[in-house]
Amino acid sequence: MYNAIIRNKINDLTVSVAPEKEKSRKVEVVPTWFATRHEQEEELTEEKKAYFAQEREQILAKLWDL
């Protein structure tokens, strides 16, 4: 019984190969920002850091009230 279940699962997972003329590849355009996505764009100023800290504290306070 388990063998039949496993065999069916394997059959479901296998991919049937389409003939060459039916294959079509979708080409997606890579955005220009993708290559530099790990580079830091701007330095955080003390004002921004303080703002983010204040926002974080407000969010945490709201979560504690739940």
# chains A, B, ... in the order shown; residues from 1 in each chain; ligands from 1
$ select_by_dssp --residues "chain A" --states "alpha helix (DSSP H)" --output "PyMOL selection string"
chain A and resi 2-13+46-65
